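As structure tokens, the structure follows; a few thoughts come after it.
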Protein chains: 2
Amino acid sequence: MCGSTMENITEKIIIEFAKTIEMFGLTPAEARLFVHLYLQEDPQTLDEMAEALGKSKTSMSTSIRSLSESNLVNRVWQKGVRKDLYEANTQLYKTFMHYYVNKWLEASSLQKDALEDIQKELQIFQTDTSTLADHLNEIIDFHKQIESSFRHLNND
Amino acid sequence: MCGSTMENITEKIIIEFAKTIEMFGLTPAEARLFVHLYLQEDPQTLDEMAEALGKSKTSMSTSIRSLSESNLVNRVWQKGVRKDLYEANTQLYKTFMHYYVNKWLEASSLQKDALEDIQKELQIFQTDTSTLADHLNEIIDFHKQIESSFRHLNND
DNA sequence: TTTTTTGTTCAGTTTGTTCTGTATGAAGAT
DNA sequence: ATCTTCATACAGAACAAACTGAACAAAAAA
């Protein structure tokens with residue numbers, strides 16, 4: 001028996017693609033919501049999403065907010081419609097690479113700064129602490145290499 | 001008061017650096033353990049790690065196994081020592097980039113395959129399903145771009 | 001062989017996340 | 001202004017992940 005209805009197939013796509021999206025650091029709920037929106041023709045309201053995914057409106061609200069702040073979905077206006085409408089950004093690669101690279105760069109830069117502060121603190125103990133200081137240098141170098149590599153990812 | 005003892009500083013380094021390591025997809029426990037090993041001069045036993053991190057030996061065992069399977073730490077032998085000894089790989093960038101890129105490539109490739117299977121299934125409905133099929137194509141393209149980009153990350 | 005030492009497996013507990021329903025606030029309609 | 005319709009905040013419930021201790025297995029020492 002060939003049990004492949006359209007809904008069936010759509011569901012399969014959502015499940016598979018959501019796994020990929022999760023790898024970018026989104027929660028399962030966010031990933032699932034994004035994929036749902038991505039496959040929709042038209043922008044959706046919170047109620048429609050809640051209905052479609054079988055979750056509460058509150059869940060949709062928090063997930064959408066998160067996706068929205070990360071610029072993975074957009075809020076759109078339609079004349080005559082009072083409810084908020086959201087649509088997924090359709091340029092997958094550009095959208096997610098920007099999001100991802102920025103996340104890495106911000107985090108790495110922040111942590112590098114923190115480590116450099118520690119480095120200054122450590123210089124007081126110059127004498128017998130060479131190996132720890134060496135490791136710290138290597139860690140900071142590591143961050144520099146990370147930043148360089150990820151910056152590179154955005155230039156395609 | 002300048003409360004910066006050596007242990008104090010080491011602890012700070014561990015906390016900061018562990019955050020970076022977590023971004024590669026390791027759990028907080030794994031990240032912390034890796035950084036601890038990285039800062040140690042000599043390879044450590046499970047008991048030493050448990051003592052140092054204030055966790056149970058069971059925790060160390062599972063974390064170490066995970067790190068070991070990902071090739072982030074190595075098991076080393078010392079003559080006369082019965083206990084297992086582990087040390088962190090010291091080439092941070094190479095170690096983690098390999099690990100990370102491989103993880104992405106494997107996952108992406110797997111999911112691309114799954115999506116291509118679905119694509120075949122979908123071709124039965126050729127007629128009125130063009131938009132869904134289009135989206136599916138775009139998703140598969142997305143995976144190809146991901147693979148291309150991440151493969152590129154390893155060639156430095 | 002028996003006895004120790006070391007590592008792992010498993011069940012139970014603790015901890016942390018995610019979800020939902022109610023209550024609140026904000027904006028349009030009457 | 002009052003009433004509706006929507007979105008968000010909050011607190012408790014349901015769920016999942018991480019940790020531990022005790023029992024088990026494997027390997028060396030006696």
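Residue names in the structure tokens use chain letters A, B, ... in the order shown, residue numbers from 1 in each chain, and ligand numbers from 1 in the order shown.
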
For the structure I just gave you, how does DSSP split segment 10-102 of chain B - specifically, which residues are alpha helix (DSSP H)? Reply as a ChimeraX atom specification. /B:10-22,28-39,46-53,57-69,92-102

Residues near Gln78 of chain B, anyone? I mean within 12 Å using only C-alpha atoms (C1' of nucleotides), not counting same-chain ones fewer than 3 positions away, as a ChimeraX atom specification. /B:42-45,75,81-87

Saved selection, atoms kept: C-alpha atoms, as a compact mmCIF listing (two decimals), in the first residue's frame:
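Wrote part_35.txt, looks like this:
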# COMPACT_ATOMS: atom_id res chain seq x y z
CA ASP B 42 49.67 15.60 32.39
CA PRO B 43 47.02 13.08 31.35
CA GLN B 44 44.42 12.41 34.01
CA THR B 45 42.52 9.45 35.37
CA ARG B 75 43.52 7.87 25.66
CA VAL B 81 49.82 2.86 35.36
CA ARG B 82 46.73 0.66 35.36
CA LYS B 83 44.08 3.33 35.21
CA ASP B 84 42.98 4.82 31.92
CA LEU B 85 44.62 8.14 31.20
CA TYR B 86 43.17 10.85 29.00
CA GLU B 87 44.56 14.04 27.55

Please indicate the distance in Å from atom CA of Val76 of chain A to atom CA of Gln40 of chain A, rounded to one decimal place.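 Here the two named atoms are 14.1 Å from each other.
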
Show me, as an NGL selection string, the residues of chain D whose atoms get within 12 Å of chain B, using only C-alpha atoms (C1' of nucleotides) for the distance check. :D and (17-22 or 27-29)

Take the residues from that selection and write them out as a PDB file, in the first residue's frame, keeping C-alpha atoms (C1' of nucleotides).
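The resulting file, part13.pdb, is shown below:
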ATOM      1  C1'  DA D  17      18.198  15.743  30.384  1.00  0.00           C
ATOM      2  C1'  DA D  18      21.944  15.179  33.686  1.00  0.00           C
ATOM      3  C1'  DC D  19      23.770  13.248  37.768  1.00  0.00           C
ATOM      4  C1'  DT D  20      24.508   9.788  41.365  1.00  0.00           C
ATOM      5  C1'  DG D  21      25.064   5.324  43.936  1.00  0.00           C
ATOM      6  C1'  DA D  22      24.785   0.567  43.870  1.00  0.00           C
ATOM      7  C1'  DA D  27      41.195  -7.484  34.207  1.00  0.00           C
ATOM      8  C1'  DA D  28      45.224  -7.500  37.078  1.00  0.00           C
ATOM      9  C1'  DA D  29      47.529  -8.900  41.576  1.00  0.00           C
TER      10       DA D  29
END

Test item: residues at most 10 Å from Leu39 of chain B, only C-alpha atoms (C1' of nucleotides), excluding those fewer than 2 positions along its chain, as JSON, numbers by chain: {"A": [131, 132, 134, 135, 136], "B": [10, 13, 14, 34, 35, 36, 37, 41, 42, 87, 88, 90]}

I'd like the interatomic distance between atom CA of Thr95 of chain B and atom CA of Gln119 of chain A, to a tenth of an Å.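 That distance, rounded to one decimal, is 23.5 Å.
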
Counting only C-alpha atoms (C1' of nucleotides), the residue of D:DC10, D:DA30, D:DC24, D:DA16 that sits nearest DT15 of chain C: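 Closest to DT15 of chain C of all the choices is D:DA16.
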
Quick one: residues within 10 Å of Ile21 of chain A, only C-alpha atoms (C1' of nucleotides), excluding same-chain residues fewer than 2 positions away - as a short mmCIF file (atom, residue, chain, number, x, y, z; two decimals) with C-alpha atoms, in the first residue's frame?
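part_2.cif, written as the output of this step:
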data_model
loop_
_atom_site.label_atom_id
_atom_site.label_comp_id
_atom_site.auth_asym_id
_atom_site.auth_seq_id
_atom_site.Cartn_x
_atom_site.Cartn_y
_atom_site.Cartn_z
CA GLU A 16 13.41 16.27 7.89
CA PHE A 17 14.06 19.90 7.18
CA ALA A 18 13.44 20.88 10.78
CA LYS A 19 16.39 18.70 11.75
CA MET A 23 21.57 22.46 13.68
CA PHE A 24 21.70 26.23 13.42
CA GLY A 25 20.91 26.42 17.09
CA LEU A 26 17.13 26.76 17.03
CA THR A 27 14.95 24.79 19.39
CA PRO A 28 12.83 21.99 17.93
CA GLU A 30 11.25 27.08 16.56
CA ALA A 31 12.61 24.90 13.80
CA ARG A 32 9.28 23.23 13.21
CA PHE A 34 9.97 28.04 10.70
CA VAL A 35 9.64 25.14 8.29
CA PHE A 96 20.71 31.28 7.88
#

Identify every residue of chain C that has at least one atom within 9 Å of any atom of chain A, counting only C-alpha atoms (C1' of nucleotides), and report the result as a PyMOL selection string. chain C and resi 18-20+28

So how far away is atom CA of Met60 of chain B from atom CA of Ile140 of chain A, in Å?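 Atom CA of Met60 of chain B lies at a distance of 26.7 Å from atom CA of Ile140 of chain A.
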
Out of B:Ala50, B:Leu92, B:Ile118, B:Asp113, which residue has the shortest atom-to-atom distance to Asn137 of chain A when counting only C-alpha atoms?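 Checking each of B:Ala50, B:Leu92, B:Ile118, B:Asp113 against Asn137 of chain A, counting only C-alpha atoms, the winner is B:Leu92.
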
Residue among B:Lys94, B:Lys120, B:Lys103, B:Lys112 lying closest to Phe142 of chain A, counting only C-alpha atoms: B:Lys94

Nearest to chain A by atom-to-atom distance, counting only C-alpha atoms, from B:Met6, B:Leu67, B:Leu33, B:Val101: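 Once distances to chain A are computed over only C-alpha atoms, the minimum belongs to B:Met6.
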